[in-house]
>>> print(open('input-v8.csv').read())   # CSV, C-alpha atoms
chain,number,residue,atom,x,y,z
A,171,MET,CA,0.0,0.0,0.0
A,172,THR,CA,1.0,3.6,-0.6
A,173,PRO,CA,2.0,5.3,2.7
A,174,THR,CA,-0.5,7.9,3.8
A,175,ASP,CA,-1.0,10.2,6.7
A,176,SER,CA,-3.5,8.4,8.9
A,177,ARG,CA,-4.2,11.4,11.1
A,178,ARG,CA,-7.4,13.4,10.4
A,179,SER,CA,-7.0,16.5,12.5
A,180,VAL,CA,-9.5,19.2,13.1
A,181,VAL,CA,-7.2,22.3,13.1
A,182,PRO,CA,-6.1,22.8,9.4
A,183,PRO,CA,-2.4,23.2,8.6
A,184,TYR,CA,-2.9,26.7,7.2
A,185,LEU,CA,-4.1,27.9,10.6
A,186,LEU,CA,-1.3,26.1,12.5
A,187,HIS,CA,1.2,27.7,10.1
A,188,ALA,CA,-0.2,31.1,11.0
A,189,VAL,CA,0.0,30.4,14.7
A,190,ALA,CA,3.5,29.1,14.3
A,191,GLN,CA,4.6,32.5,13.0
A,192,ALA,CA,2.8,34.6,15.6
A,193,ALA,CA,5.4,36.4,17.7
A,194,GLU,CA,2.6,37.8,19.7
A,195,PHE,CA,1.7,34.3,21.0
A,196,PRO,CA,5.1,32.8,21.8
A,197,ARG,CA,3.7,29.8,23.7
A,198,ALA,CA,1.1,29.1,21.0
A,199,ALA,CA,3.7,29.5,18.2
A,200,SER,CA,5.9,26.9,19.8
A,201,ALA,CA,2.9,24.5,20.3
A,202,ALA,CA,1.8,25.0,16.7
A,203,ARG,CA,5.2,24.2,15.4
A,204,THR,CA,5.2,21.0,17.4
A,205,ALA,CA,1.7,20.1,16.1
A,206,LEU,CA,2.8,20.7,12.5
A,207,ALA,CA,5.9,18.6,12.9
A,208,SER,CA,3.8,15.7,14.3
A,209,LEU,CA,1.5,15.8,11.3
A,210,GLU,CA,4.5,15.7,8.9
A,211,LEU,CA,6.1,12.8,10.7
A,212,VAL,CA,3.1,10.5,10.6
A,213,GLN,CA,3.4,8.1,7.7
A,214,SER,CA,1.6,4.8,8.0
A,215,PRO,CA,-0.2,2.3,5.8
A,216,LYS,CA,-3.8,3.1,5.2
A,217,HIS,CA,-6.1,1.7,7.9
A,218,GLN,CA,-3.4,-0.3,9.6
A,219,HIS,CA,-5.0,0.7,12.9
A,220,LEU,CA,-8.4,-0.9,12.3
A,221,VAL,CA,-9.5,-3.1,15.2
A,222,ALA,CA,-12.0,-5.9,15.4
A,223,PRO,CA,-15.7,-5.0,16.2
A,224,HIS,CA,-16.9,-5.5,19.8
A,225,ARG,CA,-19.4,-8.4,19.8
A,226,VAL,CA,-21.2,-10.1,22.7
A,227,SER,CA,-22.4,-13.7,22.4
A,228,GLY,CA,-22.5,-13.5,18.6
A,229,THR,CA,-24.5,-10.3,18.5
A,230,VAL,CA,-23.5,-6.7,18.3
A,231,ASP,CA,-23.4,-4.9,21.6
A,232,ARG,CA,-25.5,-1.8,21.1
A,233,SER,CA,-24.2,0.0,24.2
A,234,PRO,CA,-21.2,2.3,24.0
A,235,GLN,CA,-17.9,0.8,25.0
A,236,ARG,CA,-15.7,3.8,26.0
A,237,THR,CA,-12.2,3.9,27.3
A,238,ILE,CA,-10.4,7.1,28.1
A,239,ALA,CA,-6.6,7.1,28.6
A,240,ASP,CA,-4.3,9.9,29.9
A,241,ALA,CA,-1.0,10.5,28.0
A,242,ARG,CA,0.1,12.8,30.9
A,243,GLY,CA,1.8,15.3,28.7
A,244,THR,CA,3.7,12.7,26.7
A,245,THR,CA,3.2,11.7,23.0
A,246,THR,CA,3.1,8.0,23.8
A,247,LEU,CA,-0.2,6.3,22.9
A,248,PRO,CA,-2.5,5.0,24.3
A,249,GLY,CA,-1.5,6.3,27.7
A,250,THR,CA,-2.8,5.1,31.1
A,251,VAL,CA,-6.5,4.1,31.2
A,252,VAL,CA,-8.3,6.5,33.7
A,253,ARG,CA,-11.9,5.9,32.9
A,254,SER,CA,-13.8,2.9,31.4
A,255,GLU,CA,-17.4,2.4,30.4
A,256,GLY,CA,-19.7,2.9,33.4
A,257,ASP,CA,-17.1,4.6,35.6
A,258,PRO,CA,-18.2,7.8,37.4
A,259,ASP,CA,-16.8,11.3,36.6
A,260,THR,CA,-13.1,11.6,37.5
A,261,GLY,CA,-13.0,15.4,38.1
A,262,ASP,CA,-10.6,15.8,35.2
A,263,ALA,CA,-12.5,18.0,32.8
A,264,ALA,CA,-10.7,16.7,29.7
A,265,VAL,CA,-11.3,13.0,30.7
A,266,ASP,CA,-15.0,13.6,31.5
A,267,GLU,CA,-15.7,15.8,28.4
A,268,ALA,CA,-14.1,13.1,26.2
A,269,TYR,CA,-16.2,10.4,27.8
A,270,ALA,CA,-19.4,12.4,27.4
A,271,GLY,CA,-18.6,13.4,23.9
A,272,LEU,CA,-17.9,9.8,22.8
A,273,GLY,CA,-21.2,8.9,24.4
A,274,ALA,CA,-23.1,11.7,22.7
A,275,THR,CA,-21.6,10.7,19.3
A,276,HIS,CA,-22.5,7.0,19.8
A,277,ALA,CA,-26.1,8.0,20.7
A,278,PHE,CA,-26.4,10.1,17.6
A,279,TRP,CA,-25.4,7.4,15.2
A,280,LEU,CA,-27.5,4.7,17.0
A,281,ASP,CA,-30.6,6.8,17.5
A,282,VAL,CA,-30.7,8.6,14.2
A,283,PHE,CA,-29.3,6.0,11.7
A,284,GLY,CA,-29.4,2.8,13.7
A,285,ARG,CA,-25.6,2.5,13.4
A,286,VAL,CA,-23.9,0.8,16.3
A,287,SER,CA,-20.7,2.8,16.8
A,288,ILE,CA,-18.7,4.2,14.0
A,289,ASP,CA,-18.2,0.9,12.2
A,290,GLY,CA,-21.8,-0.2,12.5
A,291,ALA,CA,-20.7,-3.3,14.4
A,292,GLY,CA,-20.1,-2.0,18.0
A,293,LEU,CA,-16.5,-0.8,17.6
A,294,PRO,CA,-15.2,0.3,21.1
A,295,LEU,CA,-14.6,4.0,21.3
A,296,ASP,CA,-11.1,4.8,22.6
A,297,ALA,CA,-9.7,8.2,23.4
A,298,THR,CA,-6.5,9.7,24.8
A,299,VAL,CA,-6.4,13.1,26.5
A,300,HIS,CA,-3.6,15.3,27.7
A,301,PHE,CA,-1.6,14.4,24.7
A,302,GLY,CA,1.8,16.2,24.5
A,303,GLN,CA,2.7,19.6,25.9
A,304,ASP,CA,0.2,22.4,24.9
A,305,TYR,CA,-0.7,20.2,21.9
A,306,ASP,CA,-2.8,22.3,19.5
A,307,ASN,CA,-5.0,19.8,17.8
A,308,ALA,CA,-7.4,16.8,18.1
A,309,TYR,CA,-7.3,13.9,15.7
A,310,TRP,CA,-8.6,10.5,14.7
A,311,ASP,CA,-5.7,8.1,13.9
A,312,GLY,CA,-7.7,5.2,12.5
A,313,SER,CA,-8.4,3.6,15.8
A,314,ARG,CA,-8.7,6.3,18.5
A,315,MET,CA,-9.4,9.9,19.3
A,316,VAL,CA,-6.5,12.0,20.6
A,317,PHE,CA,-6.9,15.3,22.3
A,318,GLY,CA,-4.4,18.0,23.0
A,319,ASP,CA,-4.8,20.5,25.9
A,320,GLY,CA,-4.2,23.6,23.7
A,321,ASP,CA,-1.8,26.3,24.5
A,322,ASP,CA,-4.1,28.7,26.4
A,323,GLU,CA,-3.0,31.6,24.3
A,324,VAL,CA,-4.8,30.8,21.0
A,325,PHE,CA,-6.5,27.4,21.7
A,326,ARG,CA,-8.3,26.0,24.7
A,327,ARG,CA,-8.4,22.3,25.4
A,328,PHE,CA,-9.9,20.4,22.5
A,329,THR,CA,-12.4,18.3,24.5
A,330,ILE,CA,-14.7,21.3,25.1
A,331,ALA,CA,-16.3,21.2,21.6
A,332,LEU,CA,-18.7,18.3,21.0
A,333,ASP,CA,-18.8,19.0,17.3
A,334,VAL,CA,-15.0,18.5,17.2
A,335,ILE,CA,-15.4,15.0,18.8
A,336,GLY,CA,-18.3,14.3,16.4
A,337,HIS,CA,-16.1,15.6,13.5
A,338,GLU,CA,-13.2,13.3,14.3
A,339,LEU,CA,-15.3,10.2,14.9
A,340,ALA,CA,-17.1,10.9,11.6
A,341,HIS,CA,-13.7,10.4,9.9
A,342,GLY,CA,-14.0,6.9,11.3
A,343,VAL,CA,-17.5,6.5,9.8
A,344,THR,CA,-16.2,7.6,6.4
A,345,GLN,CA,-13.3,5.2,6.8
A,346,TYR,CA,-15.7,2.3,7.2
A,347,THR,CA,-18.1,3.4,4.5
A,348,ALA,CA,-17.2,5.4,1.4
A,349,ASP,CA,-13.5,5.5,2.4
A,350,LEU,CA,-13.0,8.8,0.5
A,351,THR,CA,-9.5,9.4,-0.7
A,352,TYR,CA,-7.9,12.1,1.3
A,353,GLN,CA,-6.7,14.3,-1.6
A,354,GLY,CA,-8.3,17.0,-3.7
A,355,GLN,CA,-12.1,17.2,-4.0
A,356,SER,CA,-12.6,13.7,-2.5
A,357,GLY,CA,-10.5,14.7,0.4
A,358,ALA,CA,-12.4,18.0,0.8
A,359,LEU,CA,-15.6,15.9,0.8
A,360,ASN,CA,-14.0,13.7,3.5
A,361,GLU,CA,-13.5,16.8,5.6
A,362,SER,CA,-16.9,18.2,4.8
A,363,ILE,CA,-18.7,15.0,5.8
A,364,SER,CA,-16.9,15.2,9.2
A,365,ASP,CA,-18.0,18.8,9.6
A,366,VAL,CA,-21.6,17.9,8.6
A,367,PHE,CA,-22.0,15.0,11.0
A,368,GLY,CA,-19.9,16.7,13.7
A,369,SER,CA,-22.4,19.6,13.6
A,370,LEU,CA,-25.3,17.2,13.6
A,371,VAL,CA,-24.0,15.4,16.6
A,372,ALA,CA,-23.9,18.7,18.5
A,373,GLN,CA,-27.4,19.8,17.1
A,374,TYR,CA,-28.9,16.4,18.1
A,375,ALA,CA,-27.5,16.6,21.6
A,376,ALA,CA,-28.8,20.1,22.0
A,377,GLY,CA,-32.2,19.4,20.4
A,378,GLN,CA,-31.6,22.2,17.9
A,379,THR,CA,-33.4,22.8,14.6
A,380,ALA,CA,-31.5,23.8,11.5
A,381,GLU,CA,-32.6,27.4,12.2
A,382,GLN,CA,-31.4,27.4,15.8
A,383,ALA,CA,-28.0,25.9,15.1
A,384,SER,CA,-24.9,28.1,14.9
A,385,TRP,CA,-23.3,26.0,12.1
A,386,LEU,CA,-19.9,26.8,13.5
A,387,ILE,CA,-17.2,24.1,13.8
A,388,GLY,CA,-15.0,24.3,16.9
A,389,GLU,CA,-16.9,27.1,18.5
A,390,GLY,CA,-15.2,28.0,21.8
A,391,LEU,CA,-11.8,26.6,20.9
A,392,PHE,CA,-10.3,30.0,20.5
A,393,THR,CA,-9.3,32.0,23.5
A,394,ASP,CA,-10.5,35.6,24.0
A,395,ALA,CA,-7.3,36.8,22.5
A,396,VAL,CA,-8.4,35.7,19.1
A,397,HIS,CA,-10.8,37.7,16.9
A,398,GLY,CA,-12.9,34.8,15.8
A,399,ASP,CA,-15.8,32.5,16.7
A,400,ALA,CA,-14.7,29.1,15.4
A,401,LEU,CA,-12.4,27.2,13.1
A,402,ARG,CA,-15.0,27.1,10.3
A,403,SER,CA,-18.5,28.4,9.5
A,404,MET,CA,-20.9,26.3,7.4
A,405,ARG,CA,-23.4,29.1,7.2
A,406,SER,CA,-20.8,31.5,5.8
A,407,PRO,CA,-17.5,29.9,4.9
A,408,GLY,CA,-14.6,32.4,5.1
A,409,THR,CA,-16.0,34.3,8.1
A,410,ALA,CA,-15.2,32.1,11.1
A,411,TYR,CA,-12.3,34.2,12.2
A,412,ASP,CA,-10.6,37.4,11.1
A,413,ASP,CA,-7.6,38.1,13.3
A,414,PRO,CA,-4.9,40.7,12.9
A,415,VAL,CA,-2.2,38.2,13.8
A,416,LEU,CA,-3.6,34.9,12.5
A,417,GLY,CA,-5.2,36.3,9.4
A,418,LYS,CA,-8.7,35.6,7.9
A,419,ASP,CA,-10.5,32.3,7.4
A,420,PRO,CA,-9.6,31.3,3.8
A,421,GLN,CA,-12.5,28.9,3.1
A,422,PRO,CA,-14.5,29.6,-0.1
A,423,ALA,CA,-18.3,29.3,-0.1
A,424,THR,CA,-18.7,28.7,-3.8
A,425,MET,CA,-16.7,27.2,-6.8
A,426,ALA,CA,-16.0,30.7,-8.0
A,427,ASP,CA,-13.4,30.9,-5.2
A,428,PHE,CA,-12.2,27.3,-5.3
A,429,VAL,CA,-8.5,27.2,-4.2
A,430,VAL,CA,-6.0,25.3,-6.3
A,431,THR,CA,-3.1,24.3,-4.2
A,432,THR,CA,-0.8,21.4,-3.4
A,433,ASP,CA,-0.8,22.2,0.3
A,434,ASP,CA,-2.9,20.2,2.7
A,435,ALA,CA,-3.5,17.3,0.3
A,436,GLY,CA,-4.8,19.7,-2.3
A,437,GLY,CA,-6.7,22.0,0.0
A,438,VAL,CA,-8.9,19.5,1.8
A,439,HIS,CA,-9.6,21.8,4.8
A,440,THR,CA,-10.0,24.8,2.6
A,441,ASN,CA,-12.3,23.7,-0.2
A,442,SER,CA,-14.5,21.7,2.2
A,443,GLY,CA,-16.2,25.1,2.7
A,444,ILE,CA,-18.0,24.6,-0.6
A,445,PRO,CA,-19.8,21.3,0.2
A,446,ASN,CA,-20.3,22.5,3.8
A,447,HIS,CA,-22.2,25.5,2.5
A,448,ALA,CA,-24.3,23.3,0.2
A,449,PHE,CA,-25.3,21.2,3.2
A,450,PHE,CA,-26.2,24.3,5.2
A,451,LEU,CA,-28.3,25.6,2.4
A,452,ALA,CA,-30.1,22.3,1.9
A,453,ALA,CA,-30.6,21.8,5.6
A,454,THR,CA,-32.0,25.3,6.3
A,455,ALA,CA,-34.2,25.2,3.2
A,456,ILE,CA,-35.8,21.9,4.3
A,457,GLY,CA,-36.0,23.2,7.9
A,458,GLY,CA,-36.7,21.3,11.1
A,459,TYR,CA,-34.1,18.9,12.5
A,460,ALA,CA,-31.3,18.8,10.0
A,461,TRP,CA,-30.5,15.1,10.8
A,462,GLN,CA,-34.0,14.2,9.5
A,463,GLY,CA,-33.7,16.1,6.3
A,464,ALA,CA,-30.4,16.9,4.6
A,465,GLY,CA,-28.5,14.7,7.1
A,466,ALA,CA,-30.5,11.7,6.1
A,467,VAL,CA,-29.8,12.4,2.4
A,468,TRP,CA,-26.0,12.8,3.1
A,469,TRP,CA,-26.1,9.6,5.0
A,470,ASP,CA,-27.8,7.7,2.2
A,471,ALA,CA,-25.2,9.1,-0.2
A,472,LEU,CA,-22.2,8.3,2.0
A,473,THR,CA,-23.4,4.6,2.2
A,474,SER,CA,-24.3,4.4,-1.5
A,475,ASP,CA,-22.4,2.2,-3.9
A,476,ALA,CA,-22.5,5.1,-6.3
A,477,VAL,CA,-20.0,7.0,-4.2
A,478,THR,CA,-16.5,5.9,-5.2
A,479,ALA,CA,-13.3,6.7,-3.2
A,480,SER,CA,-12.2,9.3,-5.6
A,481,ILE,CA,-15.5,11.0,-6.3
A,482,ASP,CA,-15.5,14.7,-6.9
A,483,PHE,CA,-18.0,17.4,-5.8
A,484,ALA,CA,-20.2,17.1,-8.9
A,485,GLY,CA,-20.3,13.3,-8.6
A,486,PHE,CA,-21.2,13.5,-4.9
A,487,ALA,CA,-23.8,16.2,-5.6
A,488,ALA,CA,-25.5,14.0,-8.2
A,489,VAL,CA,-25.6,11.1,-5.6
A,490,THR,CA,-27.2,13.3,-3.0
A,491,ILE,CA,-29.8,14.5,-5.4
A,492,ASP,CA,-30.7,11.0,-6.4
A,493,ALA,CA,-30.8,10.0,-2.7
A,494,ALA,CA,-33.2,12.9,-1.9
A,495,GLY,CA,-35.5,11.7,-4.7
A,496,VAL,CA,-35.5,8.2,-3.4
A,497,ARG,CA,-36.0,9.0,0.3
A,498,PHE,CA,-38.4,11.9,-0.1
A,499,GLY,CA,-39.8,11.6,-3.6
A,500,ALA,CA,-38.9,13.3,-6.9
A,501,GLU,CA,-39.9,16.9,-7.0
A,502,SER,CA,-40.4,16.9,-3.2
A,503,ALA,CA,-39.3,20.0,-1.3
A,504,GLU,CA,-36.3,18.1,0.0
A,505,HIS,CA,-35.3,17.0,-3.5
A,506,THR,CA,-35.6,20.6,-4.8
A,507,ALA,CA,-33.6,22.0,-1.8
A,508,VAL,CA,-30.7,19.7,-2.4
A,509,GLN,CA,-30.6,20.5,-6.1
A,510,ASP,CA,-30.8,24.2,-5.4
A,511,ALA,CA,-28.1,24.1,-2.8
A,512,TRP,CA,-25.5,22.5,-5.2
A,513,ARG,CA,-26.5,25.0,-7.9
A,514,THR,CA,-26.1,27.9,-5.5
A,515,VAL,CA,-22.5,27.0,-4.6
A,516,GLY,CA,-21.7,26.5,-8.3
A,517,VAL,CA,-21.0,22.8,-8.2
A,518,LEU,CA,-23.9,22.2,-10.6
A,519,ASP,CA,-25.2,24.4,-13.4
>>> encode(input="input-v8.csv", output="structure tokens")
Amino acid sequence: MTPTDSRRSVVPPYLLHAVAQAAEFPRAASAARTALASLELVQSPKHQHLVAPHRVSGTVDRSPQRTIADARGTTTLPGTVVRSEGDPDTGDAAVDEAYAGLGATHAFWLDVFGRVSIDGAGLPLDATVHFGQDYDNAYWDGSRMVFGDGDDEVFRRFTIALDVIGHELAHGVTQYTADLTYQGQSGALNESISDVFGSLVAQYAAGQTAEQASWLIGEGLFTDAVHGDALRSMRSPGTAYDDPVLGKDPQPATMADFVVTTDDAGGVHTNSGIPNHAFFLAATAIGGYAWQGAGAVWWDALTSDAVTASIDFAGFAAVTIDAAGVRFGAESAEHTAVQDAWRTVGVLD
């Protein structure tokens, strides 16, 4: 197999590069350089970390099976187990937030789509907290969630945002379904699908409708020193932050501003703003709970045989339109909303 970076991290490299050059935030700059170096060093065969599904007496265990480990400031995984399924709160905020976030994500997939854990077969949900010193990221490595504590100058601890936990575990769902190649437009779809379902996990937990949701990804991660609300905005890509030191959110909302680059696997974190915005437009046009409308359509598409690993935006758009027609009926409001959304962002004519 061709070596590939198995880490799917929530903070994009372009933002880490900006932080790394910020003399105004010396602690954050050092932490960002470390985070960037760790991403560049990880080279492993695709999916080498997959583990066997958790089964009980020949049947799938539908309950969550969570284990939280503490790296205690080291970069050695998995760390020391500090909380297992059914254990009470520990009093360590990162441990308990990770435990709760894994549970909320498990509940979303089970309640909404009948999927038992991220692989559909009861995969145990493992996480490590307190990874590294001031580590400025959270990532899915193919088998577990890993959370840094942030640097407290630019980033707070990464367990505080439920949508971040949902985002990273959604990379696992994609890994077990469409397995979208992490490069170019298919890679941007990979990132977008994680934003979509990460946002839906948070919306489901809060009981929010599409109209009530903020559609921000990573809201609360920035400290008060940063002029910004979140890492990304699905409602208005390119507006999540605009800081005199870190710069402006570079995400495009439409194909007119599609970014051609060789960085970040062909701009996977940047151009994901386009399908993100299409989902937002479809979800809000349909209204109600987004996981019942556009979310159900995107789920049908993600699990469709028509979605190939290297599919581009237009190909995925076509699959979602077909899926909306099958689920809700041709010429239904949902079918029309999905078509209009992809046209508005310029993916379809």
>>> closest_residue(input="input-v8.csv", among="A:Ser179, A:Gln345, A:Ser384, A:Gln303", to="A:Thr246", atoms="all atoms listed in the file")
A:Gln303
>>> closest_residue(input="input-v8.csv", among="A:Ser480, A:Ser474, A:Thr351, A:Ser369", to="A:Val496", atoms="all atoms listed in the file")
A:Ser474
>>> closest_residue(input="input-v8.csv", among="A:Thr260, A:Asn441, A:Thr409, A:Thr298", to="A:Pro422", atoms="only C-alpha atoms")
A:Asn441
>>> residues_around(input="input-v8.csv", residues="A:Leu386", least_positions_apart="3", cutoff="9 Å", atoms="only C-alpha atoms", output="list in words")
Asp333, Ser369, Ala383, Glu389, Asp399, Ala400, Leu401, Arg402, Ser403, Met404, Arg405 and Ala410 of chain A
>>> closest_residue(input="input-v8.csv", among="A:Ile456, A:Ala241, A:Trp461, A:Ala466", to="A:Ser502", atoms="only C-alpha atoms")
A:Ile456
>>> residues_around(input="input-v8.csv", residues="A:Thr514", least_positions_apart="3", cutoff="9 Å", atoms="all atoms listed in the file", output="ChimeraX atom specification")
/A:424,448,451,509-511,517-519
>>> atom_distance(input="input-v8.csv", atom1="atom CA of A:Gly398", atom2="atom CA of A:Ala274")
26.2 Å
>>> residues_around(input="input-v8.csv", residues="A:Trp279", least_positions_apart="6", cutoff="12 Å", atoms="all atoms listed in the file", output="list of chain:residue names")
A:Arg232, A:Ser233, A:Pro234, A:Leu272, A:Gly273, A:Arg285, A:Val286, A:Ser287, A:Ile288, A:Asp289, A:Gly290, A:Ala291, A:Gly292, A:Gly336, A:Leu339, A:Ala340, A:Val343, A:Phe367, A:Gly368, A:Leu370, A:Val371, A:Ala372, A:Tyr374, A:Ala375, A:Trp461, A:Gly465, A:Ala466, A:Trp469
>>> closest_residue(input="input-v8.csv", among="A:Tyr184, A:Asp266, A:Glu381, A:Asp311", to="A:Asp419", atoms="all atoms listed in the file")
A:Tyr184
>>> atom_distance(input="input-v8.csv", atom1="atom CA of A:Leu295", atom2="atom CA of A:Phe278")
13.8 Å
>>> atom_distance(input="input-v8.csv", atom1="atom CA of A:Val489", atom2="atom CA of A:Gly516")
16.1 Å
>>> decode(input="input-v8.csv", residues="stretch 298-313 of chain A", atoms="N, CA, C and O atoms", output="tab-separated table (two decimals), in the first residue's frame")
chain	number	residue	atom	x	y	z
A	298	THR	N	-7.61	9.30	23.94
A	298	THR	CA	-6.49	9.70	24.80
A	298	THR	C	-6.54	11.20	24.98
A	298	THR	O	-6.68	11.94	24.01
A	299	VAL	N	-6.43	11.65	26.22
A	299	VAL	CA	-6.41	13.08	26.52
A	299	VAL	C	-5.04	13.48	27.07
A	299	VAL	O	-4.19	12.63	27.32
A	300	HIS	N	-4.84	14.78	27.22
A	300	HIS	CA	-3.58	15.34	27.73
A	300	HIS	C	-2.40	14.83	26.90
A	300	HIS	O	-1.34	14.46	27.43
A	301	PHE	N	-2.59	14.83	25.58
A	301	PHE	CA	-1.55	14.39	24.66
A	301	PHE	C	-0.55	15.51	24.44
A	301	PHE	O	-0.91	16.61	24.03
A	302	GLY	N	0.72	15.24	24.69
A	302	GLY	CA	1.77	16.22	24.45
A	302	GLY	C	1.72	17.41	25.39
A	302	GLY	O	0.89	17.48	26.30
A	303	GLN	N	2.60	18.35	25.13
A	303	GLN	CA	2.66	19.60	25.90
A	303	GLN	C	2.03	20.71	25.07
A	303	GLN	O	2.51	21.04	23.99
A	304	ASP	N	0.92	21.26	25.57
A	304	ASP	CA	0.23	22.35	24.87
A	304	ASP	C	-0.17	21.95	23.45
A	304	ASP	O	-0.21	22.79	22.55
A	305	TYR	N	-0.47	20.68	23.23
A	305	TYR	CA	-0.72	20.21	21.87
A	305	TYR	C	-1.95	20.87	21.27
A	305	TYR	O	-3.05	20.82	21.83
A	306	ASP	N	-1.76	21.48	20.10
A	306	ASP	CA	-2.79	22.30	19.47
A	306	ASP	C	-3.56	21.54	18.41
A	306	ASP	O	-3.61	21.93	17.23
A	307	ASN	N	-4.21	20.47	18.80
A	307	ASN	CA	-5.04	19.75	17.84
A	307	ASN	C	-5.78	18.62	18.52
A	307	ASN	O	-5.51	18.26	19.67
A	308	ALA	N	-6.73	18.07	17.77
A	308	ALA	CA	-7.38	16.80	18.11
A	308	ALA	C	-7.43	16.01	16.82
A	308	ALA	O	-7.59	16.60	15.74
A	309	TYR	N	-7.27	14.70	16.90
A	309	TYR	CA	-7.28	13.93	15.67
A	309	TYR	C	-7.78	12.51	15.89
A	309	TYR	O	-7.80	11.98	17.00
A	310	TRP	N	-8.23	11.92	14.77
A	310	TRP	CA	-8.58	10.51	14.68
A	310	TRP	C	-7.43	9.82	13.96
A	310	TRP	O	-7.03	10.26	12.88
A	311	ASP	N	-6.87	8.75	14.53
A	311	ASP	CA	-5.69	8.14	13.92
A	311	ASP	C	-6.00	6.81	13.23
A	311	ASP	O	-5.08	6.09	12.82
A	312	GLY	N	-7.27	6.50	13.06
A	312	GLY	CA	-7.65	5.23	12.46
A	312	GLY	C	-8.20	4.26	13.47
A	312	GLY	O	-8.89	3.29	13.11
A	313	SER	N	-7.93	4.51	14.75
A	313	SER	CA	-8.45	3.63	15.79
A	313	SER	C	-8.88	4.35	17.06
A	313	SER	O	-9.66	3.81	17.84
